[in-house]
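Peer 1: Dropping a structure here in structure tokens format, bear with me for questions.
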Amino acid sequence: MNMSNEIARMILSMLEQDGFTEIQRNEFAQSIGCVPSQINYVISSRFTPEHGYIVESRRGGGGYIRIQRVSYDKGAALMHVINSIGSQVDEATCRAHIKNLNYRELLGDEVSRIALAITSDSALRMIDPPVRDEVRASVFKHLLLNCQK
């Protein structure tokens, strides 16, 4: 297992108990034998709002990184995603939202497959690139709004 996967696994393990954890980056990196920037990389790439996490950091001598798993009911979770999208969303971010909602069982497998298909760059290829992310955001938001009913 590579170091990034191991770091992510350890953080997920820490999150299991209370749904949040606080990490002192330098101490954590030293305890597992990696550089602190690798901890930053894992957190910034795997523990994002799109993946269902809130990350706060406090700098200074007693600084820490707090990671919290967001837990909402289905309606609130879908509205959180809708509000976080804004007026445009790229394919990778949209895919991360869909996969996270599916993982959390807020979107079923069939709806997730459809959502991935209709928001893909290949499905939207006939739309000019400058407006493609706006169309994708609108389509994805409408799909999520209709999943609440």
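Quick note on naming: the chains in the structure tokens go A, B, ... in the order shown, residues restart at 1 in each chain, and ligands are numbered from 1 in order of appearance.
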Would you pick out the contacts of A:Gln148 at 8 Å or less, using only C-alpha atoms, so that residues sharing its chain but fewer than 2 positions from it are not included, and give the list as a ChimeraX atom specification?
Peer 2: /A:74-75,78,144-146
Peer 1: Show which residues sit within 10 Å of A:Ile67, as a compact mmCIF listing (two decimals) with N, CA, C and O atoms, in the first residue's frame. Count only C-alpha atoms, and ignore same-chain residues fewer than 3 positions away.
Peer 2:
```txt
# COMPACT_ATOMS: atom_id res chain seq x y z
N ILE A 11 -6.52 8.19 8.75
CA ILE A 11 -7.44 9.29 9.05
C ILE A 11 -8.88 8.79 9.10
O ILE A 11 -9.64 9.14 10.00
N LEU A 12 -9.25 7.94 8.14
CA LEU A 12 -10.61 7.37 8.15
C LEU A 12 -10.86 6.57 9.42
O LEU A 12 -11.95 6.63 10.00
N MET A 14 -9.50 7.15 12.32
CA MET A 14 -9.68 8.13 13.40
C MET A 14 -11.07 8.75 13.35
O MET A 14 -11.65 9.08 14.39
N LEU A 15 -11.62 8.91 12.15
CA LEU A 15 -12.94 9.52 11.99
C LEU A 15 -14.08 8.59 12.40
O LEU A 15 -15.17 9.06 12.73
N GLY A 19 -16.70 10.82 14.22
CA GLY A 19 -17.04 11.57 13.02
C GLY A 19 -16.14 12.77 12.80
O GLY A 19 -16.32 13.52 11.85
N PHE A 20 -15.16 12.97 13.70
CA PHE A 20 -14.19 14.05 13.51
C PHE A 20 -12.87 13.64 14.17
O PHE A 20 -12.83 12.74 15.00
N THR A 21 -11.82 14.30 13.76
CA THR A 21 -10.52 14.08 14.38
C THR A 21 -9.71 15.36 14.27
O THR A 21 -9.94 16.17 13.37
N GLU A 22 -8.79 15.53 15.18
CA GLU A 22 -7.85 16.65 15.13
C GLU A 22 -6.45 16.06 15.02
O GLU A 22 -6.09 15.17 15.78
N ILE A 23 -5.71 16.57 14.06
CA ILE A 23 -4.37 16.06 13.78
C ILE A 23 -3.37 17.19 13.91
O ILE A 23 -3.57 18.27 13.35
N ILE A 43 -5.03 15.20 2.66
CA ILE A 43 -6.21 15.91 3.17
C ILE A 43 -6.84 16.76 2.07
O ILE A 43 -8.06 16.74 1.88
N PHE A 47 -10.14 14.57 1.44
CA PHE A 47 -11.05 14.99 2.50
C PHE A 47 -11.59 16.38 2.19
O PHE A 47 -11.34 17.34 2.90
N THR A 48 -12.32 16.46 1.09
CA THR A 48 -12.84 17.72 0.58
C THR A 48 -14.35 17.81 0.82
O THR A 48 -14.99 16.79 1.10
N TYR A 53 -16.57 16.13 3.65
CA TYR A 53 -15.78 16.50 4.83
C TYR A 53 -15.63 18.01 4.94
O TYR A 53 -15.61 18.71 3.94
N ILE A 54 -15.49 18.46 6.17
CA ILE A 54 -15.13 19.85 6.44
C ILE A 54 -13.76 19.82 7.08
O ILE A 54 -13.53 19.06 8.03
N VAL A 55 -12.85 20.62 6.56
CA VAL A 55 -11.49 20.66 7.09
C VAL A 55 -11.21 22.09 7.57
O VAL A 55 -11.42 23.06 6.84
N GLU A 56 -10.77 22.19 8.82
CA GLU A 56 -10.38 23.47 9.40
C GLU A 56 -8.94 23.34 9.85
O GLU A 56 -8.53 22.28 10.31
N SER A 57 -8.19 24.42 9.73
CA SER A 57 -6.82 24.36 10.24
C SER A 57 -6.55 25.58 11.09
O SER A 57 -7.08 26.66 10.85
N TYR A 64 -3.45 22.75 14.61
CA TYR A 64 -3.97 21.44 14.29
C TYR A 64 -4.78 21.52 13.00
O TYR A 64 -5.12 22.60 12.52
N VAL A 70 -19.27 15.27 7.35
CA VAL A 70 -20.54 15.96 7.35
C VAL A 70 -21.64 14.91 7.31
O VAL A 70 -21.60 13.99 6.50
```
Peer 1: Which residue out of A:Ala137, A:Val35, A:Ala123, A:Ile7 has the minimum interatomic distance to A:His97 when only C-alpha atoms are used?
Peer 2: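 Closest to A:His97, using only C-alpha atoms: A:Ala137.
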Peer 1: Could you give me the residues within stretch 15-92 of chain A that DSSP places in helix (DSSP H, G or I), as a PyMOL selection string?
Peer 2: chain A and resi 15-18+25-32+36-46+49-51+74-85+91-92
Peer 1: Atoms to include: C-alpha atoms. Write the selected residues as an mmCIF file, in the first residue's frame.
Peer 2:
```
data_model
loop_
_atom_site.group_PDB
_atom_site.id
_atom_site.type_symbol
_atom_site.label_atom_id
_atom_site.label_comp_id
_atom_site.auth_asym_id
_atom_site.auth_seq_id
_atom_site.Cartn_x
_atom_site.Cartn_y
_atom_site.Cartn_z
ATOM 1 C CA LEU A 15 -12.936 9.521 11.987
ATOM 2 C CA GLU A 16 -14.897 6.324 12.664
ATOM 3 C CA GLN A 17 -15.265 6.866 16.393
ATOM 4 C CA ASP A 18 -16.698 10.399 16.631
ATOM 5 C CA ARG A 25 0.367 17.598 11.186
ATOM 6 C CA ASN A 26 4.058 17.542 12.133
ATOM 7 C CA GLU A 27 3.583 15.012 14.923
ATOM 8 C CA PHE A 28 1.362 12.815 12.767
ATOM 9 C CA ALA A 29 3.861 12.897 9.893
ATOM 10 C CA GLN A 30 6.728 12.046 12.236
ATOM 11 C CA SER A 31 4.813 9.157 13.820
ATOM 12 C CA ILE A 32 4.182 7.476 10.469
ATOM 13 C CA PRO A 36 4.181 16.944 6.560
ATOM 14 C CA SER A 37 3.410 18.027 2.992
ATOM 15 C CA GLN A 38 2.241 14.489 2.235
ATOM 16 C CA ILE A 39 -0.355 14.836 5.009
ATOM 17 C CA ASN A 40 -1.482 18.104 3.380
ATOM 18 C CA TYR A 41 -1.729 16.409 -0.012
ATOM 19 C CA VAL A 42 -3.898 13.569 1.276
ATOM 20 C CA ILE A 43 -6.208 15.914 3.167
ATOM 21 C CA SER A 44 -6.578 18.358 0.272
ATOM 22 C CA SER A 45 -7.254 15.606 -2.269
ATOM 23 C CA ARG A 46 -9.364 13.094 -0.306
ATOM 24 C CA PRO A 49 -16.389 19.086 0.766
ATOM 25 C CA GLU A 50 -17.136 17.150 -2.420
ATOM 26 C CA HIS A 51 -16.218 13.987 -0.531
ATOM 27 C CA LYS A 74 -30.937 13.136 2.383
ATOM 28 C CA GLY A 75 -32.712 16.420 1.667
ATOM 29 C CA ALA A 76 -30.179 18.528 3.528
ATOM 30 C CA ALA A 77 -27.253 16.683 1.932
ATOM 31 C CA LEU A 78 -28.624 17.203 -1.561
ATOM 32 C CA MET A 79 -29.298 20.891 -0.848
ATOM 33 C CA HIS A 80 -25.748 21.248 0.509
ATOM 34 C CA VAL A 81 -24.380 19.880 -2.780
ATOM 35 C CA ILE A 82 -26.714 22.075 -4.840
ATOM 36 C CA ASN A 83 -25.642 25.181 -2.911
ATOM 37 C CA SER A 84 -21.948 24.302 -3.102
ATOM 38 C CA ILE A 85 -21.975 23.939 -6.891
ATOM 39 C CA GLU A 91 -16.729 17.187 -14.859
ATOM 40 C CA ALA A 92 -14.264 15.982 -12.188
#
```
Peer 1: Please give the complete set of residues from chain A that DSSP, run on the backbone, assigns to strand (DSSP E or B), formatted as a list in words.
Peer 2: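 The strand (DSSP E or B) residues within chain A come out as Phe20, Thr21, Glu22, Ile23, Tyr53, Ile54, Val55, Glu56, Ser57, Arg58, Tyr64, Ile65, Arg66, Ile67, Gln68 and Arg69 of chain A.
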Peer 1: Excluding stretch 138-143 of chain A and any residue of its chain fewer than 6 positions from it, enumerate the residues within 8 Å of it, using only C-alpha atoms, and give them as an MDAnalysis selection string.
Peer 2: chainID A and resid 82 87:88 94 115 118:119
Peer 1: Could you check which of A:Met10, A:Ile127, A:Leu106, A:Ala117 is closest to A:Cys147, using only C-alpha atoms?
Peer 2: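 Of the candidates, the smallest distance to A:Cys147 is held by A:Leu106.
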